[in-house]
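The structure file target-v6.txt is reproduced below (compact mmCIF, C-alpha atoms).
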```
# COMPACT_ATOMS: atom_id res chain seq x y z
CA MET A 1 23.96 -57.45 -88.16
CA MET A 2 21.38 -60.08 -87.78
CA PRO A 3 17.79 -59.02 -87.03
CA GLY A 4 17.94 -60.75 -83.66
CA ASP A 5 21.10 -58.88 -82.70
CA LYS A 6 19.48 -55.54 -83.54
CA ALA A 7 16.53 -56.33 -81.30
CA MET A 8 18.80 -57.28 -78.41
CA LEU A 9 20.80 -54.04 -78.83
CA GLU A 10 17.61 -51.92 -78.71
CA GLN A 11 16.45 -53.69 -75.55
CA ALA A 12 19.82 -53.07 -73.86
CA MET A 13 19.76 -49.37 -74.76
CA THR A 14 16.16 -49.03 -73.45
CA ARG A 15 17.13 -50.60 -70.12
CA ARG A 16 20.13 -48.25 -69.81
CA VAL A 17 18.02 -45.18 -70.47
CA ALA A 18 15.44 -46.38 -67.92
CA MET A 19 18.13 -46.94 -65.30
CA ASN A 20 19.61 -43.48 -65.92
CA GLY A 21 16.14 -41.96 -65.47
CA ALA A 22 15.70 -43.83 -62.21
CA ASP A 23 19.09 -42.57 -60.99
CA TRP A 24 18.14 -39.01 -61.90
CA ARG A 25 14.83 -39.30 -60.08
CA LYS A 26 16.54 -40.74 -57.01
CA SER A 27 19.08 -37.93 -57.06
CA GLY A 28 16.28 -35.32 -57.25
CA VAL A 29 14.46 -36.89 -54.30
CA GLY A 30 17.66 -36.79 -52.27
CA MET A 31 18.19 -33.13 -53.09
CA ARG A 32 14.60 -32.26 -52.14
CA ARG A 33 14.93 -34.14 -48.88
CA GLY A 34 18.12 -32.21 -48.07
CA ARG A 35 16.40 -28.90 -48.69
CA GLN A 36 13.40 -29.93 -46.53
CA ALA A 37 15.67 -30.95 -43.65
CA GLY A 38 17.21 -27.43 -43.60
CA VAL A 39 13.81 -25.69 -43.48
CA VAL A 40 12.63 -27.91 -40.61
CA LEU A 41 15.75 -27.02 -38.62
CA ILE A 42 15.11 -23.29 -39.07
CA MET A 43 11.45 -23.67 -38.04
CA ALA A 44 12.48 -25.70 -34.99
CA LEU A 45 14.95 -22.98 -33.91
CA ILE A 46 12.28 -20.29 -34.30
CA ALA A 47 9.79 -22.32 -32.25
CA LEU A 48 12.43 -22.91 -29.56
CA ALA A 49 13.24 -19.20 -29.36
CA THR A 50 9.54 -18.35 -29.09
CA MET A 51 9.00 -20.86 -26.29
CA THR A 52 12.05 -19.54 -24.45
CA LEU A 53 10.76 -15.96 -24.59
CA ALA A 54 7.32 -17.09 -23.43
CA ALA A 55 8.85 -18.95 -20.50
CA LEU A 56 10.91 -15.91 -19.47
CA SER A 57 7.83 -13.68 -19.67
CA LEU A 58 5.89 -16.12 -17.50
CA VAL A 59 8.67 -16.22 -14.89
CA ARG A 60 8.81 -12.42 -14.73
CA SER A 61 5.02 -12.22 -14.44
CA VAL A 62 5.01 -14.70 -11.56
CA ASP A 63 7.83 -12.84 -9.78
CA THR A 64 5.95 -9.54 -10.11
CA GLY A 65 2.76 -11.12 -8.77
CA ILE A 66 4.60 -12.56 -5.78
CA LEU A 67 6.21 -9.16 -5.07
CA ILE A 68 2.86 -7.36 -5.21
CA ALA A 69 1.22 -9.95 -2.97
CA GLY A 70 4.08 -9.68 -0.48
CA ASN A 71 3.86 -5.89 -0.37
CA GLN A 72 0.09 -6.07 0.13
CA ALA A 73 0.55 -8.54 2.97
CA PHE A 74 3.06 -6.25 4.68
CA LYS A 75 0.68 -3.31 4.23
CA GLU A 76 -2.19 -5.20 5.83
CA ALA A 77 0.04 -6.35 8.69
CA CYS A 78 1.24 -2.79 9.24
CA LEU A 79 -2.33 -1.53 9.31
CA GLY A 80 -3.27 -4.21 11.80
CA ALA A 81 -0.35 -3.27 14.06
CA SER A 82 -1.58 0.33 14.13
CA ASP A 83 -4.66 -0.84 16.03
CA VAL A 84 -2.45 -1.38 19.07
CA ALA A 85 -1.37 2.28 19.00
CA ILE A 86 -4.93 3.58 18.47
CA GLU A 87 -6.26 1.45 21.32
CA SER A 88 -3.44 2.59 23.60
CA ALA A 89 -4.23 6.26 22.94
CA SER A 90 -7.99 5.69 23.33
CA SER A 91 -7.48 3.96 26.68
CA TRP A 92 -5.34 6.87 27.88
CA LEU A 93 -8.05 9.36 26.88
CA VAL A 94 -10.74 7.42 28.71
CA ALA A 95 -8.63 7.24 31.86
CA GLN A 96 -7.89 10.97 31.76
CA SER A 97 -11.50 11.94 31.14
CA ALA A 98 -12.43 10.57 34.59
CA THR A 99 -10.74 13.63 36.08
CA LEU A 100 -12.53 16.89 35.31
CA GLY A 101 -10.29 19.29 33.43
CA ALA A 102 -7.49 16.77 32.87
CA LEU A 103 -7.79 17.18 29.09
CA ASP A 104 -8.13 20.97 29.07
CA ASN A 105 -4.38 21.60 28.72
CA ASP A 106 -1.36 20.03 27.04
CA ASN A 107 0.34 16.96 28.44
CA ALA A 108 3.43 16.77 26.24
CA ALA A 109 4.91 13.89 28.22
CA ALA A 110 1.96 11.74 27.11
CA GLY A 111 1.87 13.07 23.55
CA TYR A 112 -1.39 14.99 24.19
CA TYR A 113 -2.19 18.52 23.07
CA ALA A 114 -5.38 20.43 23.87
CA THR A 115 -5.43 22.19 20.48
CA THR A 116 -5.47 21.01 16.89
CA MET A 117 -1.76 21.83 16.33
CA GLU A 118 -2.65 22.98 12.82
CA GLY A 119 0.85 24.31 12.23
CA CYS A 120 2.34 20.82 12.39
CA ASP A 121 2.97 18.60 9.39
CA LEU A 122 1.87 15.30 10.90
CA THR A 123 3.23 12.99 8.20
CA GLY A 124 6.09 15.11 6.87
CA ASN A 125 4.58 15.08 3.37
CA LEU A 126 2.88 18.49 3.41
CA THR A 127 6.14 20.45 3.44
CA GLN A 128 8.73 17.90 2.40
CA THR A 129 11.58 20.40 2.13
CA ASP A 130 10.87 21.94 5.56
CA THR A 131 11.42 19.76 8.62
CA THR A 132 10.89 22.54 11.16
CA ASP A 133 7.14 21.85 11.22
CA ASP A 134 7.42 18.07 11.58
CA VAL A 135 6.23 16.20 14.65
CA ALA A 136 8.99 14.71 16.79
CA TRP A 137 7.80 11.13 16.32
CA GLY A 138 10.92 9.76 17.94
CA GLY A 139 10.38 11.74 21.13
CA GLY A 140 12.71 14.40 22.45
CA SER A 141 12.05 18.10 21.99
CA GLY A 142 9.73 19.53 19.37
CA ASN A 143 10.80 21.41 16.26
CA ALA A 144 10.95 25.16 15.75
CA ASN A 145 7.52 25.48 14.07
CA CYS A 146 5.86 22.48 15.70
CA ASN A 147 6.36 21.99 19.40
CA ALA A 148 4.80 18.54 19.44
CA ARG A 149 6.34 15.22 20.31
CA ALA A 150 4.71 11.83 20.13
CA GLN A 151 4.41 9.18 22.81
CA ALA A 152 5.99 5.78 22.24
CA VAL A 153 3.64 2.80 22.34
CA ASN A 154 4.51 -0.31 24.32
CA ASN A 155 3.50 -3.91 23.65
CA MET A 156 3.83 -3.66 19.89
CA PRO A 157 4.24 -6.90 17.90
CA SER A 158 7.77 -8.07 17.26
CA GLY A 159 9.40 -6.15 14.42
CA TYR A 160 7.07 -3.13 14.75
CA ALA A 161 7.55 0.19 16.51
CA SER A 162 4.91 2.84 17.00
CA SER A 163 4.15 6.18 18.60
CA HIS A 164 0.98 8.25 18.78
CA LEU A 165 -0.03 11.89 18.95
CA ILE A 166 -3.36 13.04 20.41
CA THR A 167 -4.84 16.46 19.66
CA ARG A 168 -8.11 17.90 20.92
CA MET A 169 -10.12 19.45 18.12
CA CYS A 170 -10.20 22.88 19.70
CA GLN A 171 -8.58 26.14 18.66
CA SER A 172 -7.43 27.04 22.17
CA PRO A 173 -6.68 25.25 25.46
CA GLY A 174 -8.97 25.45 28.46
CA SER A 175 -12.40 24.09 29.22
CA ALA A 176 -14.51 23.13 26.22
CA ASN A 177 -17.52 24.31 28.26
CA ALA A 178 -16.23 27.89 28.33
CA GLY A 179 -18.45 30.44 26.65
CA GLY A 180 -16.02 31.32 23.88
CA ALA A 181 -14.56 27.85 23.30
CA ARG A 182 -14.25 26.93 19.63
CA CYS A 183 -14.19 23.17 19.24
CA ALA A 184 -15.33 20.61 16.72
CA SER A 185 -18.19 18.85 18.42
CA ASP A 186 -21.39 16.92 17.92
CA VAL A 187 -23.83 19.78 17.37
CA VAL A 188 -27.15 17.89 17.55
CA PRO A 189 -29.12 17.76 20.85
CA MET A 190 -28.49 14.76 23.07
CA GLN A 191 -31.89 13.11 22.48
CA ALA A 192 -31.25 13.08 18.72
CA ARG A 193 -27.49 12.63 18.86
CA PHE A 194 -27.33 9.26 17.15
CA HIS A 195 -29.42 10.52 14.25
CA GLY A 196 -27.24 13.53 13.46
CA THR A 197 -24.09 14.17 11.49
CA PRO A 198 -20.82 15.12 13.26
CA ASP A 199 -19.61 18.62 12.50
CA TYR A 200 -15.84 18.85 12.12
CA SER A 201 -15.87 22.59 11.43
CA TYR A 202 -14.96 25.15 14.08
CA ARG A 203 -17.91 27.20 15.30
CA ILE A 204 -19.09 28.77 18.54
CA GLN A 205 -21.78 26.60 20.08
CA ASN A 206 -24.17 27.44 22.88
CA ALA A 207 -24.25 25.55 26.15
CA ALA A 208 -27.26 23.48 25.15
CA GLU A 209 -25.39 22.19 22.10
CA ARG A 210 -22.05 21.53 23.78
CA VAL A 211 -22.90 20.20 27.22
CA ARG A 212 -23.85 16.54 27.58
CA GLY A 213 -25.27 14.55 30.47
CA SER A 214 -21.88 14.30 32.23
CA GLY A 215 -21.52 18.07 32.33
CA GLN A 216 -18.60 18.11 29.87
CA ALA A 217 -18.65 19.11 26.23
CA SER A 218 -18.61 16.23 23.76
CA VAL A 219 -15.62 17.31 21.73
CA TYR A 220 -13.62 15.28 19.25
CA TYR A 221 -10.06 14.07 19.64
CA ARG A 222 -7.75 13.15 16.79
CA ILE A 223 -5.35 10.25 17.27
CA VAL A 224 -2.53 9.90 14.75
CA ALA A 225 -0.42 6.76 14.99
CA ARG A 226 2.88 6.27 13.20
CA VAL A 227 3.96 2.66 12.74
CA VAL A 228 7.42 1.59 11.54
CA CYS A 229 7.04 -1.83 9.96
CA PRO A 230 9.39 -4.50 8.56
CA ARG A 231 11.21 -3.78 5.29
CA ASN A 232 11.72 -0.20 6.50
CA SER A 233 8.15 0.83 5.65
CA THR A 234 6.19 3.46 7.59
CA SER A 235 2.43 3.82 7.94
CA PHE A 236 0.29 6.63 9.37
CA VAL A 237 -3.22 5.98 10.67
CA GLU A 238 -5.67 8.62 11.90
CA SER A 239 -8.74 8.09 14.05
CA ILE A 240 -11.33 10.63 15.27
CA VAL A 241 -12.93 9.71 18.61
CA SER A 242 -15.44 11.18 21.02
CA LEU A 243 -15.57 10.26 24.70
CA GLN A 244 -19.36 10.61 25.00
```

Just dump the structure as structure tokens.
Amino acid sequence: MMPGDKAMLEQAMTRRVAMNGADWRKSGVGMRRGRQAGVVLIMALIALATMTLAALSLVRSVDTGILIAGNQAFKEACLGASDVAIESASSWLVAQSATLGALDNDNAAAGYYATTMEGCDLTGNLTQTDTTDDVAWGGGSGNANCNARAQAVNNMPSGYASSHLITRMCQSPGSANAGGARCASDVVPMQARFHGTPDYSYRIQNAAERVRGSGQASVYYRIVARVVCPRNSTSFVESIVSLQ
């Protein structure tokens, strides 16, 4: 072999080895790229699942917020509708007080009772398993242990129905000016009345404490209104009033 031929053979073998190395490197790059593409797919699926769960949680949170806001709105509307019943009962009391002695005894037809009716479960929650002491809020006759029926209220807003029950805060019927009358009343003298504290307890009071300028005792009356609202919800509202 001539020296020139040997040099040419070595150059050819060097180029072949170099080309094989380049092929091997290219093959390795391709394999690494394939592995990287698989990892990216897995990460993308995890991110997609996380975003989906976050979106579902957000939707549920918004739905719950809307539900709470709707219930609160219905509650406020129901409370506002009860004002009609309270005003109706208050107007009836004022009209009756113009006649001396008109409020000394029961007037069941108007839903008025001259005593506290302490034996009655006004809301039905005190003795839930016993309905014999419930008020007849729908009218009709009273129950065995609570002979009280409420008076329906007219002019309620559309979708609302209401009735009210009025009780005088006395332990017995008759004149609140009677010597032995036991009524919850404003116990401070008239000249200092607006600076005193109402006494809701039952105690025997003398004539100077009970009698006011009109000649009638300033007793308290309890008005309980029951309002049936939309979505089959029911609300009870109580108000304590004095006519003097």

Original post:
Could you work out how far CA of Tyr221 (chain A) lies from CA of Ala110 (chain A), giving the answer in Å with one decimal?
Top reply: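 Rounded to one decimal, the two atoms are 14.3 Å apart.
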
Subject >> Residue neighbourhood Asp106 (chain A), 9 Å, only C-alpha atoms, exclusion window fewer than 4 positions, as a list of chain:residue names >> reply: A:Ala110, A:Gly111, A:Tyr112, A:Tyr113, A:Ala114, A:Thr115, A:Thr167, A:Pro173

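In this structure, CA of Thr131 (chain A) sits 17.2 Å away from CA of Phe236 (chain A).
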
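Comparing A:Leu103, A:Val224, A:Ala148, A:Leu243 by their smallest distance to Ala176 (chain A), the closest is A:Leu103 (using all atoms listed in the file).
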
Original post:
Quick one: distance from CA of Ala102 (chain A) to CA of Asp83 (chain A) in Å, one decimal?
Top reply: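 Between CA of Ala102 (chain A) and CA of Asp83 (chain A) the gap is 24.5 Å.
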
**OP:** Choose the residue, out of A:Val39, A:Leu126, A:Ile86, A:Val62, that has the smallest atom-to-atom separation from Ala225 (chain A); count only C-alpha atoms.
**Re:**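 Closest residue, counting only C-alpha atoms: A:Ile86.
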
**OP:** List the neighbours of Asn155 (chain A) out to 8 Å using all atoms listed in the file; skip same-chain residues closer than 2 positions along the sequence, and give me the result as a ChimeraX atom specification.
**Re:** /A:84,153,157

Subject >> Among the residues A:Thr132, A:Ser61, A:Ser172, A:Thr234, the one that comes closest to Cys146 (chain A) [using all atoms listed in the file] >> reply: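 Smallest distance to Cys146 (chain A) is found for A:Thr132.
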
**OP:** Identify which of the residues A:Thr64, A:Gln171, A:Ser218, A:Asn147 lies closest to Asn107 (chain A), counting all atoms listed in the file when measuring atom-to-atom distances.
**Re:**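 Using all atoms listed in the file, Asn107 (chain A) sits closest to A:Asn147.
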
Original post:
Counting all atoms listed in the file, which of A:Val219, A:Ala161, A:Leu48, A:Ala152 gets nearest to Ala181 (chain A)?
Top reply: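 Closest residue, counting all atoms listed in the file: A:Val219.
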
**OP:** Could you check which of A:Tyr160, A:Cys183, A:Asn177, A:Ile223 is closest to Leu79 (chain A), using all atoms listed in the file?
**Re:**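 Closest to Leu79 (chain A), using all atoms listed in the file: A:Tyr160.
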